[in-house]
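Content type mmCIF, C-alpha atoms and all ligand atoms, from the file start_7.cif:
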```
data_entry
loop_
_atom_site.group_PDB
_atom_site.id
_atom_site.type_symbol
_atom_site.label_atom_id
_atom_site.label_comp_id
_atom_site.auth_asym_id
_atom_site.auth_seq_id
_atom_site.Cartn_x
_atom_site.Cartn_y
_atom_site.Cartn_z
ATOM 1 C CA MET A 1 23.622 -71.077 -48.702
ATOM 2 C CA PHE A 2 24.151 -69.146 -51.934
ATOM 3 C CA ASP A 3 25.221 -70.967 -55.088
ATOM 4 C CA THR A 4 27.208 -67.926 -56.121
ATOM 5 C CA LEU A 5 27.900 -64.554 -54.535
ATOM 6 C CA ILE A 6 29.225 -61.692 -56.653
ATOM 7 C CA ILE A 7 31.454 -59.258 -54.768
ATOM 8 C CA GLY A 8 31.304 -55.781 -56.345
ATOM 9 C CA GLY A 9 28.331 -53.957 -57.861
ATOM 10 C CA GLY A 10 30.243 -52.004 -60.505
ATOM 11 C CA VAL A 11 30.387 -52.677 -64.231
ATOM 12 C CA SER A 12 31.690 -56.263 -64.231
ATOM 13 C CA GLY A 13 29.691 -57.415 -61.194
ATOM 14 C CA MET A 14 26.343 -56.051 -62.404
ATOM 15 C CA SER A 15 26.953 -57.455 -65.885
ATOM 16 C CA CYS A 16 27.611 -60.902 -64.374
ATOM 17 C CA ALA A 17 24.437 -60.609 -62.257
ATOM 18 C CA LEU A 18 22.307 -59.637 -65.271
ATOM 19 C CA VAL A 19 23.385 -62.637 -67.353
ATOM 20 C CA LEU A 20 22.939 -65.064 -64.432
ATOM 21 C CA GLY A 21 19.566 -63.467 -63.673
ATOM 22 C CA SER A 22 18.396 -63.762 -67.263
ATOM 23 C CA ALA A 23 18.938 -67.543 -67.209
ATOM 24 C CA LYS A 24 16.342 -67.989 -64.466
ATOM 25 C CA ASN A 25 14.042 -70.255 -66.483
ATOM 26 C CA LYS A 26 16.691 -72.805 -67.448
ATOM 27 C CA VAL A 27 16.116 -76.059 -65.573
ATOM 28 C CA PHE A 28 19.640 -76.092 -64.163
ATOM 29 C CA VAL A 29 19.221 -72.546 -62.770
ATOM 30 C CA THR A 30 15.759 -72.583 -61.173
ATOM 31 C CA ASP A 31 17.087 -73.963 -57.870
ATOM 32 C CA LYS A 32 20.121 -71.652 -57.708
ATOM 33 C CA LYS A 33 20.476 -68.826 -55.190
ATOM 34 C CA ILE A 34 22.484 -65.867 -56.511
ATOM 35 C CA GLY A 35 23.523 -62.724 -54.663
ATOM 36 C CA ILE A 36 25.539 -59.557 -55.275
ATOM 37 C CA PHE A 37 27.170 -57.112 -52.886
ATOM 38 C CA THR A 38 26.248 -53.716 -54.275
ATOM 39 C CA HIS A 39 28.621 -51.709 -52.123
ATOM 40 C CA GLN A 40 29.059 -48.673 -54.343
ATOM 41 C CA LYS A 41 31.909 -46.761 -52.753
ATOM 42 C CA ASN A 42 35.249 -46.688 -54.591
ATOM 43 C CA SER A 43 33.673 -47.467 -57.949
ATOM 44 C CA SER A 44 35.465 -46.230 -61.053
ATOM 45 C CA LEU A 45 32.017 -45.174 -62.184
ATOM 46 C CA GLN A 46 31.615 -42.374 -59.623
ATOM 47 C CA GLU A 47 33.501 -39.784 -61.701
ATOM 48 C CA ALA A 48 33.166 -41.237 -65.199
ATOM 49 C CA VAL A 49 31.122 -40.019 -68.168
ATOM 50 C CA PHE A 50 30.589 -42.310 -71.159
ATOM 51 C CA TYR A 51 30.677 -41.481 -74.867
ATOM 52 C CA ASN A 52 32.444 -44.621 -76.138
ATOM 53 C CA ALA A 53 30.675 -47.562 -74.516
ATOM 54 C CA TYR A 54 28.512 -49.726 -76.771
ATOM 55 C CA GLY A 55 24.787 -49.493 -75.996
ATOM 56 C CA ILE A 56 25.148 -46.587 -73.583
ATOM 57 C CA THR A 57 23.613 -43.234 -74.513
ATOM 58 C CA PRO A 58 26.476 -40.724 -75.094
ATOM 59 C CA GLY A 59 26.982 -38.421 -72.113
ATOM 60 C CA LYS A 60 25.718 -40.942 -69.565
ATOM 61 C CA LEU A 61 27.191 -40.353 -66.132
ATOM 62 C CA GLY A 62 28.794 -43.251 -64.300
ATOM 63 C CA SER A 63 27.048 -42.133 -61.105
ATOM 64 C CA GLU A 64 23.704 -42.556 -62.909
ATOM 65 C CA LEU A 65 24.698 -46.038 -64.083
ATOM 66 C CA LEU A 66 25.571 -47.053 -60.529
ATOM 67 C CA PHE A 67 22.093 -46.145 -59.333
ATOM 68 C CA GLU A 68 20.096 -47.273 -62.363
ATOM 69 C CA SER A 69 21.844 -50.647 -62.696
ATOM 70 C CA THR A 70 20.737 -51.770 -59.238
ATOM 71 C CA GLN A 71 17.195 -50.523 -59.948
ATOM 72 C CA ASP A 72 17.100 -52.345 -63.292
ATOM 73 C CA LEU A 73 18.410 -55.572 -61.756
ATOM 74 C CA ALA A 74 15.829 -55.394 -58.948
ATOM 75 C CA GLN A 75 13.012 -54.783 -61.414
ATOM 76 C CA THR A 76 13.985 -57.309 -64.094
ATOM 77 C CA TYR A 77 15.484 -60.058 -61.949
ATOM 78 C CA PRO A 78 14.101 -59.619 -58.418
ATOM 79 C CA HIS A 79 15.216 -63.153 -57.494
ATOM 80 C CA ILE A 80 18.853 -61.946 -57.453
ATOM 81 C CA VAL A 81 19.558 -60.971 -53.862
ATOM 82 C CA GLN A 82 21.122 -57.508 -53.640
ATOM 83 C CA ILE A 83 23.141 -56.855 -50.503
ATOM 84 C CA PRO A 84 23.767 -53.084 -50.326
ATOM 85 C CA ASN A 85 26.179 -51.086 -48.200
ATOM 86 C CA GLU A 86 28.276 -54.022 -47.019
ATOM 87 C CA LYS A 87 31.999 -54.179 -47.601
ATOM 88 C CA VAL A 88 33.542 -57.630 -47.929
ATOM 89 C CA ILE A 89 36.522 -58.031 -45.638
ATOM 90 C CA LYS A 90 37.193 -61.769 -45.479
ATOM 91 C CA VAL A 91 36.718 -64.991 -47.467
ATOM 92 C CA GLU A 92 37.264 -68.332 -45.743
ATOM 93 C CA GLY A 93 36.869 -71.961 -46.758
ATOM 94 C CA ALA A 94 37.124 -73.783 -50.047
ATOM 95 C CA PHE A 95 34.812 -74.921 -52.830
ATOM 96 C CA PRO A 96 31.927 -75.670 -52.283
ATOM 97 C CA ASP A 97 31.757 -74.141 -48.815
ATOM 98 C CA PHE A 98 32.954 -70.542 -48.555
ATOM 99 C CA THR A 99 32.133 -68.061 -45.810
ATOM 100 C CA VAL A 100 32.130 -64.427 -46.933
ATOM 101 C CA THR A 101 32.383 -61.910 -44.111
ATOM 102 C CA THR A 102 31.447 -58.244 -44.439
ATOM 103 C CA ASN A 103 31.643 -55.336 -42.008
ATOM 104 C CA LYS A 104 28.095 -56.285 -40.936
ATOM 105 C CA ASN A 105 27.318 -59.970 -41.576
ATOM 106 C CA SER A 106 28.597 -63.278 -42.900
ATOM 107 C CA TYR A 107 27.208 -65.431 -45.712
ATOM 108 C CA LYS A 108 27.720 -69.024 -46.915
ATOM 109 C CA THR A 109 28.219 -69.664 -50.611
ATOM 110 C CA LYS A 110 29.393 -72.437 -52.918
ATOM 111 C CA SER A 111 31.305 -70.078 -55.235
ATOM 112 C CA ILE A 112 32.384 -66.437 -55.424
ATOM 113 C CA VAL A 113 32.956 -63.930 -58.222
ATOM 114 C CA ILE A 114 35.157 -60.934 -57.371
ATOM 115 C CA GLY A 115 34.873 -57.681 -59.346
ATOM 116 C CA ILE A 116 36.022 -54.911 -57.058
ATOM 117 C CA GLY A 117 38.436 -53.083 -59.334
ATOM 118 C CA SER A 118 42.230 -53.060 -59.607
ATOM 119 C CA ALA A 119 43.209 -50.480 -56.951
ATOM 120 C CA ASN A 120 46.101 -51.566 -54.770
ATOM 121 C CA THR A 121 43.968 -50.888 -51.697
ATOM 122 C CA PHE A 122 42.563 -54.427 -52.163
ATOM 123 C CA ASP A 123 42.212 -55.834 -48.666
ATOM 124 C CA ILE A 124 40.129 -59.022 -48.493
ATOM 125 C CA GLU A 125 41.625 -61.475 -46.011
ATOM 126 C CA GLY A 126 41.845 -64.951 -47.511
ATOM 127 C CA LEU A 127 42.454 -63.668 -51.053
ATOM 128 C CA MET A 128 45.687 -61.711 -50.556
ATOM 129 C CA GLN A 129 47.834 -64.639 -51.767
ATOM 130 C CA TYR A 130 46.390 -64.272 -55.286
ATOM 131 C CA ILE A 131 47.482 -60.621 -55.778
ATOM 132 C CA GLU A 132 50.042 -59.797 -58.475
ATOM 133 C CA PRO A 133 50.951 -56.579 -60.338
ATOM 134 C CA HIS A 134 48.464 -55.636 -63.076
ATOM 135 C CA LYS A 135 49.907 -56.741 -66.415
ATOM 136 C CA LYS A 136 48.014 -54.251 -68.598
ATOM 137 C CA ALA A 137 48.239 -51.007 -66.610
ATOM 138 C CA LEU A 138 51.048 -48.465 -66.296
ATOM 139 C CA PRO A 139 53.500 -49.617 -63.589
ATOM 140 C CA GLU A 140 53.467 -46.174 -61.920
ATOM 141 C CA LYS A 141 49.729 -46.568 -61.242
ATOM 142 C CA GLN A 142 50.504 -49.634 -59.086
ATOM 143 C CA ARG A 143 47.315 -51.437 -60.102
ATOM 144 C CA ILE A 144 46.874 -55.065 -59.108
ATOM 145 C CA GLN A 145 45.098 -58.131 -60.458
ATOM 146 C CA LEU A 146 44.344 -61.568 -59.062
ATOM 147 C CA LYS A 147 46.269 -64.467 -60.603
ATOM 148 C CA ASN A 148 43.846 -66.256 -62.855
ATOM 149 C CA ASN A 149 43.506 -68.532 -65.827
ATOM 150 C CA ASP A 150 40.661 -67.282 -68.050
ATOM 151 C CA HIS A 151 39.052 -65.619 -64.972
ATOM 152 C CA LYS A 152 39.382 -68.699 -62.743
ATOM 153 C CA VAL A 153 41.489 -68.044 -59.640
ATOM 154 C CA ALA A 154 40.900 -71.363 -57.869
ATOM 155 C CA GLU A 155 38.092 -73.938 -57.638
ATOM 156 C CA GLY A 156 34.928 -71.888 -57.016
ATOM 157 C CA ILE A 157 36.722 -68.507 -57.151
ATOM 158 C CA TYR A 158 36.419 -66.267 -60.226
ATOM 159 C CA VAL A 159 37.727 -62.744 -60.870
ATOM 160 C CA ILE A 160 36.199 -60.232 -63.304
ATOM 161 C CA GLY A 161 36.709 -56.693 -64.601
ATOM 162 C CA THR A 162 39.918 -54.754 -64.164
ATOM 163 C CA LEU A 163 40.877 -56.981 -61.214
ATOM 164 C CA ALA A 164 41.085 -59.888 -63.679
ATOM 165 C CA GLY A 165 43.861 -58.051 -65.518
ATOM 166 C CA TRP A 166 41.783 -56.354 -68.206
ATOM 167 C CA ARG A 167 42.374 -52.769 -69.349
ATOM 168 C CA SER A 168 40.009 -50.217 -67.885
ATOM 169 C CA GLN A 169 37.168 -49.816 -70.404
ATOM 170 C CA LEU A 170 33.499 -50.241 -69.558
ATOM 171 C CA ALA A 171 32.821 -52.623 -72.452
ATOM 172 C CA ILE A 172 35.744 -54.867 -71.487
ATOM 173 C CA ALA A 173 34.690 -55.022 -67.819
ATOM 174 C CA ALA A 174 31.078 -55.776 -68.757
ATOM 175 C CA GLY A 175 32.198 -58.484 -71.189
ATOM 176 C CA SER A 176 34.385 -60.083 -68.581
ATOM 177 C CA GLY A 177 31.504 -60.269 -66.066
ATOM 178 C CA ALA A 178 29.204 -61.731 -68.715
ATOM 179 C CA ALA A 179 31.868 -64.268 -69.728
ATOM 180 C CA VAL A 180 32.155 -65.593 -66.184
ATOM 181 C CA ALA A 181 28.369 -65.743 -65.857
ATOM 182 C CA THR A 182 28.290 -68.091 -68.867
ATOM 183 C CA ASP A 183 31.173 -70.133 -67.390
ATOM 184 C CA ILE A 184 29.117 -70.601 -64.219
ATOM 185 C CA LEU A 185 25.977 -71.437 -66.223
ATOM 186 C CA THR A 186 27.976 -74.026 -68.181
ATOM 187 C CA LEU A 187 29.213 -75.533 -64.904
ATOM 188 C CA TRP A 188 25.641 -75.711 -63.573
ATOM 189 C CA ASN A 189 24.683 -77.377 -66.871
ATOM 190 C CA ASN A 190 27.087 -80.253 -66.076
ATOM 191 C CA GLY A 191 29.769 -78.841 -68.381
ATOM 192 C CA VAL A 192 27.527 -78.618 -71.447
ATOM 193 C CA GLN A 193 28.176 -75.257 -73.182
ATOM 194 C CA THR A 194 25.397 -72.711 -72.752
ATOM 195 C CA HIS A 195 24.542 -68.991 -72.835
ATOM 196 C CA SER A 196 21.462 -66.878 -72.124
ATOM 197 C CA HIS A 197 19.500 -65.097 -74.884
ATOM 198 C CA ASP A 198 16.128 -63.360 -74.960
ATOM 199 C CA SER A 199 14.291 -63.029 -78.238
ATOM 200 C CA ILE A 200 11.196 -61.257 -79.553
ATOM 201 C CA ARG A 201 10.164 -64.472 -81.301
HETATM 202 C C1 LIG A 301 37.249 -40.958 -64.180
HETATM 203 C C2 LIG A 301 37.016 -42.193 -65.014
HETATM 204 C C3 LIG A 301 36.559 -42.075 -66.316
HETATM 205 C C4 LIG A 301 36.330 -43.204 -67.104
HETATM 206 N N1 LIG A 301 35.895 -43.038 -68.396
HETATM 207 C C5 LIG A 301 35.686 -44.129 -69.173
HETATM 208 C C6 LIG A 301 35.255 -43.969 -70.515
HETATM 209 O O1 LIG A 301 35.075 -42.857 -71.006
HETATM 210 N N2 LIG A 301 35.055 -45.094 -71.257
HETATM 211 C C7 LIG A 301 35.241 -46.370 -70.753
HETATM 212 O O2 LIG A 301 35.006 -47.352 -71.454
HETATM 213 N N3 LIG A 301 35.682 -46.536 -69.486
HETATM 214 C C8 LIG A 301 35.907 -45.449 -68.686
HETATM 215 N N4 LIG A 301 36.340 -45.614 -67.389
HETATM 216 C C9 LIG A 301 36.654 -46.983 -66.924
HETATM 217 C C10 LIG A 301 35.463 -47.822 -66.387
HETATM 218 O O3 LIG A 301 34.658 -47.071 -65.514
HETATM 219 C C11 LIG A 301 36.059 -49.036 -65.669
HETATM 220 O O4 LIG A 301 36.876 -49.763 -66.568
HETATM 221 C C12 LIG A 301 35.016 -49.990 -65.097
HETATM 222 O O5 LIG A 301 34.160 -49.323 -64.188
HETATM 223 C C13 LIG A 301 35.716 -51.142 -64.399
HETATM 224 O O6 LIG A 301 34.740 -52.044 -63.934
HETATM 225 P P1 LIG A 301 35.015 -53.000 -62.677
HETATM 226 O O7 LIG A 301 33.801 -53.832 -62.514
HETATM 227 O O8 LIG A 301 36.327 -53.677 -62.833
HETATM 228 O O9 LIG A 301 35.175 -52.013 -61.420
HETATM 229 P P2 LIG A 301 34.096 -50.870 -60.814
HETATM 230 O O10 LIG A 301 33.150 -50.532 -61.880
HETATM 231 O O11 LIG A 301 34.978 -49.883 -60.241
HETATM 232 O O12 LIG A 301 33.341 -51.713 -59.729
HETATM 233 C C14 LIG A 301 33.922 -52.115 -58.517
HETATM 234 C C15 LIG A 301 32.817 -52.260 -57.461
HETATM 235 O O13 LIG A 301 33.337 -52.976 -56.335
HETATM 236 C C16 LIG A 301 32.855 -52.352 -55.146
HETATM 237 N N5 LIG A 301 33.761 -52.723 -54.052
HETATM 238 C C17 LIG A 301 35.050 -52.319 -53.865
HETATM 239 N N6 LIG A 301 35.563 -52.906 -52.768
HETATM 240 C C18 LIG A 301 34.576 -53.722 -52.268
HETATM 241 C C19 LIG A 301 34.501 -54.609 -51.157
HETATM 242 N N7 LIG A 301 35.551 -54.827 -50.341
HETATM 243 N N8 LIG A 301 33.319 -55.268 -50.924
HETATM 244 C C20 LIG A 301 32.250 -55.102 -51.751
HETATM 245 N N9 LIG A 301 32.283 -54.279 -52.828
HETATM 246 C C21 LIG A 301 33.443 -53.611 -53.076
HETATM 247 C C22 LIG A 301 32.823 -50.876 -55.471
HETATM 248 O O14 LIG A 301 31.986 -50.176 -54.597
HETATM 249 C C23 LIG A 301 32.290 -50.930 -56.906
HETATM 250 O O15 LIG A 301 30.870 -50.961 -56.895
HETATM 251 C C24 LIG A 301 36.563 -44.492 -66.579
HETATM 252 C C25 LIG A 301 37.032 -44.628 -65.257
HETATM 253 C C26 LIG A 301 37.259 -43.481 -64.486
HETATM 254 C C27 LIG A 301 37.788 -43.652 -63.079
#
```
Here is the file; what I need is its structure written in the form of structure tokens.
Ligand SMILES: Cc1cc2nc3c(=O)[nH]c(=O)nc-3n(C[C@H](O)[C@H](O)[C@H](O)COP(=O)(O)OP(=O)(O)OC[C@H]3O[C@@H](n4cnc5c(N)ncnc54)[C@H](O)[C@@H]3O)c2cc1C
Amino acid sequence: MFDTLIIGGGVSGMSCALVLGSAKNKVFVTDKKIGIFTHQKNSSLQEAVFYNAYGITPGKLGSELLFESTQDLAQTYPHIVQIPNEKVIKVEGAFPDFTVTTNKNSYKTKSIVIGIGSANTFDIEGLMQYIEPHKKALPEKQRIQLKNNDHKVAEGIYVIGTLAGWRSQLAIAAGSGAAVATDILTLWNNGVQTHSHDSIR
């Protein structure tokens, strides 16, 4: 049983995983099992090149980020379970007992975080009822988002990145994933506000 499973290994999903991973020494996190589906097809990153994203060396290819981000996560936070090459097709159940089914396996988790982008090809059975037109994209692009209130779709279900209704910029997607990570950390800390910082001191 996972405590949280992140669906989508693009910008928002990896950012969420990094912040959750970095909190590993907090007492309310040590017993938590965290996983991420790093299915990398259909990512906006495949064809992107970045000159305007904070902290990213100008000229960085999105395809490089896709590869390097999973390597960095594995090296820095090896306790985060990476599940590559599996596409999520179904979510069943309710908080705190979800079953996430992929094209290869199924997994039990207490909560899920969905960051698979805002394309209208979204096709995860069990989540279709939350789809609505994207409120911050051009109508002719027919983007979608999941209905949410500050990233929360329903008890134990969070949405991040462009699928949460944010405009398509790397920094916004990363911030949205990090924001939900701190929401989950706060929940695990019995509602007491928290975040995760490293320091040289
Ligand atoms: C050509 C192009 C150029 C861009 N240039 C810039 C730029 O210059 N500056 C900037 O700030 N932004 C740029 N962007 C935007 C930026 O890349 C996106 O805003 C950002 O990637 C969105 O992050 P996300 O997490 O919402 O989605 P993505 O990063 O697209 O991540 C979605 C992830 O979900 C996975 N996935 C999809 N379906 C499933 C499923 N069923 N099961 C499991 N996993 C699944 C995908 O494989 C992918 O890994 C560009 C985008 C494009 C397309």
### Message
List as a ChimeraX atom specification the protein and nucleic acid residues near region 137-153 of chain A, meaning an atom at most 8 Å away when only C-alpha atoms are counted, but skip any in the same chain fewer than 4 places from it.
### Response
/A:118-120,130-133,157-160,162-165,167,180
### Query
Quick one, how far is atom C2 of ligand LIG 301 (chain A) from CA of Glu68 (chain A)?
17.9 Å
### Task
Residues within 8 Å of ligand LIG 301 (chain A) should be enumerated using only C-alpha atoms and all ligand atoms and returned as a ChimeraX atom specification.
/A:7-14,37-53,62,66,86-89,102,115-118,122-124,160-164,167-174,177
### Task
Provide the CA of Ala74 (chain A) to CA of Ile34 (chain A) distance in Å, to one decimal place.
12.6 Å
Phe2 (chain A): which residues within 8 Å, counting only C-alpha atoms, same-chain residues fewer than 4 positions away excluded, as a PDB file with C-alpha atoms, in the frame of the given file?
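Once everything was written out, this is selection-v7.pdb:
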```pdb
ATOM      1  CA  LYS A  32      20.121 -71.652 -57.708  1.00  0.00           C
ATOM      2  CA  LYS A  33      20.476 -68.826 -55.190  1.00  0.00           C
ATOM      3  CA  ILE A  34      22.484 -65.867 -56.511  1.00  0.00           C
ATOM      4  CA  GLY A  35      23.523 -62.724 -54.663  1.00  0.00           C
ATOM      5  CA  TYR A 107      27.208 -65.431 -45.712  1.00  0.00           C
ATOM      6  CA  LYS A 108      27.720 -69.024 -46.915  1.00  0.00           C
ATOM      7  CA  THR A 109      28.219 -69.664 -50.611  1.00  0.00           C
ATOM      8  CA  LYS A 110      29.393 -72.437 -52.918  1.00  0.00           C
ATOM      9  CA  SER A 111      31.305 -70.078 -55.235  1.00  0.00           C
TER      10      SER A 111
END
```
### Message
With distances taken over all atoms listed in the file, which residue among A:Thr4, A:Lys104, A:Ser15, A:His79 lies nearest Ser176 (chain A)?
### Response
A:Ser15
### Query
Which one is closest to Pro96 (chain A): A:Thr57, A:Asn25, A:Asp3, A:Val81? Count all atoms listed in the file.
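Going through A:Thr57, A:Asn25, A:Asp3, A:Val81 one by one, the smallest distance to Pro96 (chain A) is for A:Asp3.
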#### Entry: Nearest candidate to Val100 (chain A) (options A:Pro84, A:Gly126, A:Gly59, A:Gly175; using all atoms listed in the file)
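Smallest separation from Val100 (chain A) among the options: A:Gly126.
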### Task
For the file shown, report as number ranges by chain the outcome of the PyMOL selection byres (((chain A and resi 182) around 8) and not hetatm) at residue level.
A: 19-20, 178-181, 183-186, 194-196
### Pick from A:Ser63, A:Gln82, A:Ser199, A:Thr30 nearest to Ala17 (chain A), counting only C-alpha atoms
A:Gln82
### Query
Could you state the separation of CA of Tyr54 (chain A) and CA of Lys135 (chain A) in Å, given to one decimal place?
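For CA of Tyr54 (chain A) relative to CA of Lys135 (chain A), the distance reads 24.8 Å.
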As AutoDock Vina command-line options, please: the centre and edge lengths in Å, to one decimal, of an axis-aligned box enclosing every listed atom of region 6-22 of chain A with 5 Å added on each side.
```
--center_x 25.0 --center_y -58.5 --center_z -61.1 --size_x 23.3 --size_y 23.1 --size_z 22.6
```
### Message
Using all atoms listed in the file, can you tell me which of A:Gly191, A:Gly55, A:Gly156, A:Pro78 comes closest to Ile36 (chain A)?
### Response
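Closest residue, counting all atoms listed in the file: A:Pro78.
Comparing the minimum interatomic distances between Gly93 (chain A) and each of A:Ile114, A:Ile80, A:Leu127, A:Ile200, counting all atoms listed in the file, we find that A:Leu127 sits nearest.
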